[in-house]
file entry.csv (CSV, C-alpha atoms and all ligand atoms)
chain,number,residue,atom,x,y,z
A,298,MET,CA,12.1,-6.0,2.7
A,299,ILE,CA,9.7,-5.0,0.0
A,300,ASN,CA,8.3,-7.2,-2.7
A,301,GLU,CA,7.1,-4.5,-5.1
A,302,VAL,CA,5.8,-1.0,-5.5
A,303,PHE,CA,3.2,-0.1,-8.0
A,304,TYR,CA,0.4,2.3,-8.9
A,305,SER,CA,-3.2,1.1,-9.6
A,306,ILE,CA,-6.7,1.3,-8.2
A,307,GLN,CA,-7.8,-0.2,-4.9
A,308,GLY,CA,-9.8,-3.2,-6.2
A,309,GLU,CA,-11.1,-4.5,-2.9
A,310,GLY,CA,-13.1,-3.5,0.2
A,311,PHE,CA,-15.0,-0.3,0.9
A,312,LEU,CA,-12.3,1.9,-0.6
A,313,ILE,CA,-12.7,0.1,-4.0
A,314,GLY,CA,-12.1,2.3,-7.0
A,315,THR,CA,-9.7,4.7,-5.3
A,316,PRO,CA,-6.4,5.3,-7.3
A,317,ALA,CA,-3.6,4.3,-5.0
A,318,LEU,CA,0.1,3.6,-4.7
A,319,PHE,CA,0.7,0.1,-3.4
A,320,VAL,CA,3.6,-1.1,-1.4
A,321,ARG,CA,3.7,-4.9,-1.1
A,322,PHE,CA,5.8,-6.1,1.8
A,323,GLN,CA,7.8,-9.3,1.6
A,324,GLY,CA,7.1,-12.2,4.0
A,325,CYS,CA,3.9,-13.7,5.5
A,326,ASN,CA,3.4,-15.9,8.6
A,327,LEU,CA,0.5,-17.8,6.9
A,328,ARG,CA,0.2,-20.0,3.9
A,329,CYS,CA,-3.4,-19.8,2.5
A,330,VAL,CA,-3.7,-22.4,-0.3
A,331,TRP,CA,-5.4,-19.8,-2.6
A,332,CYS,CA,-2.9,-17.0,-1.9
A,333,ASP,CA,-2.4,-15.1,-5.2
A,334,GLU,CA,0.8,-13.4,-4.0
A,335,LYS,CA,3.1,-16.4,-3.6
A,336,SER,CA,6.2,-14.5,-4.5
A,337,ALA,CA,5.6,-12.3,-1.4
A,338,LEU,CA,5.4,-15.2,1.2
A,339,ASP,CA,9.0,-16.0,2.1
A,340,PHE,CA,10.9,-13.6,4.4
A,341,ASP,CA,13.4,-13.2,1.5
A,342,LYS,CA,16.4,-11.0,2.5
A,343,THR,CA,17.2,-10.5,-1.2
A,344,ALA,CA,13.9,-8.5,-1.7
A,345,LYS,CA,14.0,-4.7,-2.2
A,346,SER,CA,15.5,-2.8,0.7
A,347,TYR,CA,13.7,0.2,2.2
A,348,ILE,CA,16.0,2.6,0.3
A,349,GLU,CA,15.4,0.8,-3.0
A,350,ALA,CA,11.7,0.9,-2.5
A,351,LEU,CA,11.8,4.5,-1.5
A,352,GLU,CA,13.4,5.4,-4.8
A,353,GLU,CA,10.6,3.6,-6.7
A,354,ILE,CA,8.0,5.3,-4.6
A,355,GLU,CA,9.5,8.7,-5.3
A,356,ASP,CA,9.5,8.0,-9.0
A,357,ILE,CA,5.8,7.1,-8.9
A,358,LEU,CA,5.0,10.2,-6.8
A,359,ALA,CA,6.8,12.4,-9.3
A,360,ILE,CA,4.1,11.3,-11.9
A,361,HIS,CA,1.0,10.5,-9.8
A,362,ASN,CA,-0.4,12.2,-6.6
A,363,PRO,CA,-2.7,9.6,-5.1
A,364,SER,CA,-4.4,10.4,-1.8
A,365,LEU,CA,-4.4,6.7,-0.8
A,366,ILE,CA,-1.5,4.5,0.0
A,367,VAL,CA,-2.1,0.8,0.4
A,368,LEU,CA,0.4,-1.2,2.5
A,369,THR,CA,-0.2,-4.9,1.7
A,370,GLY,CA,1.7,-8.1,1.5
A,371,GLY,CA,2.7,-10.6,2.5
A,372,GLU,CA,1.9,-9.5,6.0
A,373,PRO,CA,3.0,-5.8,6.3
A,374,LEU,CA,2.7,-5.7,10.1
A,375,LEU,CA,5.4,-8.3,10.6
A,376,ASN,CA,7.9,-6.5,8.3
A,377,GLU,CA,11.0,-4.7,9.7
A,378,ASP,CA,10.5,-1.9,7.2
A,379,PHE,CA,6.9,-1.2,8.1
A,380,ILE,CA,7.5,1.6,10.5
A,381,ASN,CA,9.8,3.5,8.2
A,382,ILE,CA,7.5,3.2,5.2
A,383,PHE,CA,4.4,4.2,7.3
A,384,SER,CA,6.2,7.2,8.7
A,385,TYR,CA,7.3,8.3,5.3
A,386,PHE,CA,3.7,8.4,4.0
A,387,LYS,CA,2.5,9.9,7.2
A,388,SER,CA,5.0,12.8,6.6
A,389,LEU,CA,3.2,13.3,3.3
A,390,ASP,CA,-0.2,13.4,5.0
A,391,LYS,CA,-1.5,10.5,2.9
A,392,THR,CA,-4.4,8.2,3.9
A,393,ILE,CA,-2.6,4.9,4.7
A,394,GLN,CA,-4.6,1.7,4.3
A,395,ILE,CA,-3.1,-1.4,5.9
A,396,GLU,CA,-4.2,-4.8,4.6
A,397,THR,CA,-3.4,-7.3,7.3
A,398,ASN,CA,-4.2,-10.9,8.1
A,399,ALA,CA,-4.9,-9.6,11.6
A,400,THR,CA,-2.8,-12.2,13.5
A,401,THR,CA,-0.4,-9.8,15.1
A,402,LEU,CA,-0.3,-6.2,16.3
A,403,LYS,CA,2.9,-5.3,18.0
A,404,ASP,CA,2.8,-2.6,20.7
A,405,ASP,CA,4.9,0.0,18.9
A,406,ILE,CA,2.9,-0.4,15.7
A,407,GLU,CA,-0.4,-0.2,17.6
A,408,THR,CA,0.8,3.2,19.0
A,409,LEU,CA,1.8,4.4,15.5
A,410,LEU,CA,-1.5,3.5,13.9
A,411,LYS,CA,-3.5,5.0,16.8
A,412,THR,CA,-1.7,8.3,16.6
A,413,TYR,CA,-2.3,9.0,12.9
A,414,ALA,CA,-5.9,9.9,12.1
A,415,LYS,CA,-5.5,9.0,8.4
A,416,THR,CA,-4.9,5.3,9.2
A,417,TYR,CA,-7.4,2.9,7.6
A,418,ILE,CA,-7.2,-0.8,8.6
A,419,THR,CA,-8.5,-3.7,6.6
A,420,LEU,CA,-8.6,-6.8,8.8
A,421,SER,CA,-8.6,-9.9,6.7
A,422,PRO,CA,-8.5,-13.0,9.0
A,423,LYS,CA,-8.0,-16.3,7.3
A,424,TYR,CA,-9.3,-19.9,7.7
A,425,ILE,CA,-5.7,-21.1,8.2
A,426,SER,CA,-5.5,-19.1,11.4
A,427,ASN,CA,-9.0,-20.0,12.4
A,428,TYR,CA,-10.2,-16.4,11.5
A,429,ASN,CA,-8.5,-15.2,14.7
A,430,ILE,CA,-8.0,-11.5,15.2
A,431,ASP,CA,-5.4,-10.1,17.6
A,432,SER,CA,-7.6,-8.5,20.3
A,433,LYS,CA,-5.7,-5.2,20.1
A,434,PHE,CA,-7.3,-4.5,16.7
A,435,LEU,CA,-10.7,-4.6,18.3
A,436,ALA,CA,-10.0,-1.3,20.1
A,437,PHE,CA,-10.0,0.5,16.8
A,438,ASP,CA,-13.5,1.8,16.3
A,439,LYS,CA,-13.3,3.9,13.1
A,440,ASN,CA,-11.5,3.7,9.8
A,441,ILE,CA,-11.6,0.0,9.9
A,442,GLU,CA,-13.3,-2.8,7.9
A,443,LEU,CA,-13.4,-6.6,8.2
A,444,LYS,CA,-12.9,-8.3,4.9
A,445,ILE,CA,-13.4,-12.1,4.7
A,446,VAL,CA,-12.9,-14.3,1.6
A,447,VAL,CA,-15.9,-16.5,0.9
A,448,ASP,CA,-14.6,-20.0,0.3
A,449,GLU,CA,-15.4,-23.6,1.3
A,450,HIS,CA,-14.3,-22.8,4.9
A,451,LEU,CA,-16.4,-19.8,5.8
A,452,ASN,CA,-19.7,-20.5,7.5
A,453,GLU,CA,-22.4,-18.8,9.7
A,454,GLY,CA,-20.8,-20.1,12.9
A,455,ILE,CA,-17.7,-18.1,12.2
A,456,LEU,CA,-19.6,-14.9,11.4
A,457,GLU,CA,-21.6,-15.3,14.6
A,458,ARG,CA,-18.5,-15.1,16.8
A,459,GLU,CA,-18.5,-12.5,19.5
A,460,TYR,CA,-15.6,-10.5,18.1
A,461,ILE,CA,-17.1,-10.4,14.6
A,462,ARG,CA,-20.4,-9.0,15.9
A,463,PRO,CA,-19.4,-5.3,16.2
A,464,PHE,CA,-18.4,-5.3,12.5
A,465,VAL,CA,-21.7,-6.8,11.6
A,466,GLU,CA,-23.7,-4.3,13.7
A,467,LYS,CA,-21.8,-1.4,12.2
A,468,GLY,CA,-22.0,-2.6,8.6
A,469,LEU,CA,-18.3,-2.9,8.3
A,470,LEU,CA,-18.2,-6.5,7.0
A,471,VAL,CA,-17.1,-7.1,3.4
A,472,LEU,CA,-17.5,-10.6,1.9
A,473,GLN,CA,-15.2,-11.3,-1.0
A,474,PRO,CA,-16.0,-14.3,-3.0
A,475,LEU,CA,-13.0,-16.4,-3.9
A,476,TRP,CA,-11.3,-15.7,-7.2
A,477,GLU,CA,-9.9,-18.9,-8.6
A,478,ASN,CA,-8.7,-20.0,-12.0
A,479,GLY,CA,-9.9,-16.8,-13.6
A,480,SER,CA,-13.4,-16.7,-12.2
A,481,VAL,CA,-15.4,-15.8,-9.2
A,482,LYS,CA,-16.6,-18.7,-6.9
A,483,PHE,CA,-19.1,-19.1,-4.1
A,484,ILE,CA,-21.4,-16.2,-5.2
A,485,ASP,CA,-24.6,-17.9,-4.0
A,486,LYS,CA,-23.0,-18.6,-0.6
A,487,ALA,CA,-21.8,-15.0,-0.4
A,488,ILE,CA,-25.3,-13.7,-1.1
A,489,LYS,CA,-26.9,-15.8,1.7
A,490,LEU,CA,-24.2,-14.7,4.2
A,491,ALA,CA,-24.5,-11.1,3.2
A,492,GLU,CA,-28.3,-11.1,3.7
A,493,LYS,CA,-27.9,-12.6,7.2
A,494,PHE,CA,-24.9,-10.6,8.4
A,495,ASN,CA,-25.5,-7.1,7.0
A,496,ALA,CA,-22.5,-7.4,4.7
A,497,ARG,CA,-21.5,-6.0,1.3
A,498,ILE,CA,-20.3,-8.4,-1.4
A,499,ILE,CA,-17.4,-6.8,-3.1
A,500,LEU,CA,-15.5,-8.5,-5.9
A,501,GLN,CA,-11.9,-8.0,-6.7
A,502,MET,CA,-12.4,-5.3,-9.3
A,503,HIS,CA,-8.7,-5.1,-10.4
A,504,LYS,CA,-8.8,-8.8,-11.4
A,505,LEU,CA,-12.1,-8.4,-13.3
A,506,LEU,CA,-10.4,-5.4,-15.2
A,507,GLY,CA,-7.2,-7.2,-15.7
A,508,LEU,CA,-5.2,-4.7,-13.6
A,509,LYS,CA,-2.5,-5.3,-11.1
A,601,LIG,S1,-2.4,-14.1,4.7
A,601,LIG,FE1,-2.5,-13.1,2.7
A,601,LIG,S2,-0.4,-13.0,1.9
A,601,LIG,FE2,-0.4,-14.4,3.6
A,601,LIG,S3,-0.7,-16.5,2.7
A,601,LIG,FE3,-2.8,-15.7,3.2
A,601,LIG,S4,-3.5,-14.6,1.4
A,601,LIG,FE4,-1.3,-14.9,1.1
call {"tool": "encode", "arguments": {"input": "entry.csv", "output": "structure tokens"}}
result
Amino acid sequence: MINEVFYSIQGEGFLIGTPALFVRFQGCNLRCVWCDEKSALDFDKTAKSYIEALEEIEDILAIHNPSLIVLTGGEPLLNEDFINIFSYFKSLDKTIQIETNATTLKDDIETLLKTYAKTYITLSPKYISNYNIDSKFLAFDKNIELKIVVDEHLNEGILEREYIRPFVEKGLLVLQPLWENGSVKFIDKAIKLAEKFNARIILQMHKLLGLK
């Protein structure tokens, strides 16, 4: 089940600015109040099938040739079409970025990700799941970043947690101030946290530019 397929630039995280083809999977296990992709939250069986999405992907690839593919959601790693979509882009030798809320990593998907060198993982744990990260993700030591939205819930105690420390020490922490009602919030808080936790503050560039 796929919500949409589109071509844009990666507007978030350390790969910011990279032209990319996006596949947004349908369905998420969380319900963040500020989620800006509400149409992708339900596990809606009437969403695009893998075959329909593939047709759209091929139409885009007939025009564009991005090196980066972004698999997002919703929550891509809970989606029944994830392995098919990932394997398709793997066969094209693309870099595949997965944006996940980090709650679940199934064994078969873990194996798939580990055996493809062009996998890039963006862990984005959320307040609503107490910023938990499935411990299996912590075994990935390269091509990975930790991206956390700065909102009223984030605080120093969360960033001091044991499992967050490796990302802080390696400079792999991205703080993303909340975008709400057309503007960026919590900038001062983000600057203070970035100073203390060796983080980069990266805004959602696609929103600032009015892109998808
Ligand atoms: S995890 Fe992501 S897609 Fe799911 S509700 Fe939260 S912001 Fe939305």
call {"tool": "atom_distance", "arguments": {"input": "entry.csv", "atom1": "CA of Lys342 (chain A)", "atom2": "CA of Ser421 (chain A)"}}
result
25.4 Å
call {"tool": "residues_near_ligand", "arguments": {"input": "entry.csv", "ligand": "ligand LIG 601 (chain A)", "cutoff": "12 Å", "atoms": "all atoms listed in the file", "output": "PyMOL selection string"}}
result
chain A and resi 300+321-340+368-375+396-401+419-429+444-446+475-476
call {"tool": "residues_around", "arguments": {"input": "entry.csv", "residues": "Leu435 (chain A)", "least_positions_apart": "6", "cutoff": "10 Å", "atoms": "all atoms listed in the file", "output": "list in words"}}
result
Leu420, Ile441, Tyr460, Ile461, Pro463 and Phe464 of chain A
call {"tool": "residues_near_point", "arguments": {"input": "entry.csv", "point": "(-0.9, 4.2, 3.6)", "cutoff": "7 Å", "atoms": "only C-alpha atoms", "output": "VMD selection string"}}
result
chain A and resid 365 to 368 383 386 391 to 395 416
call {"tool": "closest_residue", "arguments": {"input": "entry.csv", "among": "A:Lys482, A:His361, A:His503, A:Arg497", "to": "Glu442 (chain A)", "atoms": "all atoms listed in the file"}}
result
A:Arg497
call {"tool": "residues_near_point", "arguments": {"input": "entry.csv", "point": "(-8.1, 8.6, 14.2)", "cutoff": "9 Å", "atoms": "all atoms listed in the file", "output": "ChimeraX atom specification"}}
result
/A:410-417,437-440
call {"tool": "write_last_selection", "arguments": {"input": "entry.csv", "atoms": "C-alpha atoms", "output": "mmCIF file, keeping the file's coordinate frame"}}
result
data_model
loop_
_atom_site.group_PDB
_atom_site.id
_atom_site.type_symbol
_atom_site.label_atom_id
_atom_site.label_comp_id
_atom_site.auth_asym_id
_atom_site.auth_seq_id
_atom_site.Cartn_x
_atom_site.Cartn_y
_atom_site.Cartn_z
ATOM 1 C CA LEU A 410 -1.500 3.500 13.900
ATOM 2 C CA LYS A 411 -3.500 5.000 16.800
ATOM 3 C CA THR A 412 -1.700 8.300 16.600
ATOM 4 C CA TYR A 413 -2.300 9.000 12.900
ATOM 5 C CA ALA A 414 -5.900 9.900 12.100
ATOM 6 C CA LYS A 415 -5.500 9.000 8.400
ATOM 7 C CA THR A 416 -4.900 5.300 9.200
ATOM 8 C CA TYR A 417 -7.400 2.900 7.600
ATOM 9 C CA PHE A 437 -10.000 0.500 16.800
ATOM 10 C CA ASP A 438 -13.500 1.800 16.300
ATOM 11 C CA LYS A 439 -13.300 3.900 13.100
ATOM 12 C CA ASN A 440 -11.500 3.700 9.800
#
call {"tool": "atom_distance", "arguments": {"input": "entry.csv", "atom1": "CA of Lys509 (chain A)", "atom2": "CA of Ser305 (chain A)"}}
result
6.6 Å
call {"tool": "closest_residue", "arguments": {"input": "entry.csv", "among": "A:Gln501, A:Ser388, A:Asn495, A:Asn376", "to": "Val320 (chain A)", "atoms": "all atoms listed in the file"}}
result
A:Asn376
call {"tool": "residues_around", "arguments": {"input": "entry.csv", "residues": "Lys433 (chain A)", "least_positions_apart": "5", "cutoff": "9 Å", "atoms": "only C-alpha atoms", "output": "ChimeraX atom specification"}}
result
/A:401-404,407
call {"tool": "atom_distance", "arguments": {"input": "entry.csv", "atom1": "CA of Leu312 (chain A)", "atom2": "CA of Met502 (chain A)"}}
result
11.3 Å
call {"tool": "residues_around", "arguments": {"input": "entry.csv", "residues": "Glu453 (chain A)", "least_positions_apart": "5", "cutoff": "9 Å", "atoms": "only C-alpha atoms", "output": "compact mmCIF listing (two decimals) with C-alpha atoms, in the frame of the given file"}}
result
# COMPACT_ATOMS: atom_id res chain seq x y z
CA ARG A 458 -18.50 -15.10 16.80
CA LEU A 490 -24.20 -14.70 4.20
CA LYS A 493 -27.90 -12.60 7.20
CA PHE A 494 -24.90 -10.60 8.40
call {"tool": "closest_residue", "arguments": {"input": "entry.csv", "among": "A:Tyr347, A:Pro316, A:Ile354, A:Asn362", "to": "Asp378 (chain A)", "atoms": "all atoms listed in the file"}}
result
A:Tyr347
call {"tool": "residues_around", "arguments": {"input": "entry.csv", "residues": "Ile348 (chain A)", "least_positions_apart": "3", "cutoff": "10 Å", "atoms": "only C-alpha atoms", "output": "list of chain:residue names"}}
result
A:Met298, A:Ile299, A:Lys345, A:Leu351, A:Glu352, A:Glu353, A:Ile354, A:Asp378, A:Ile382
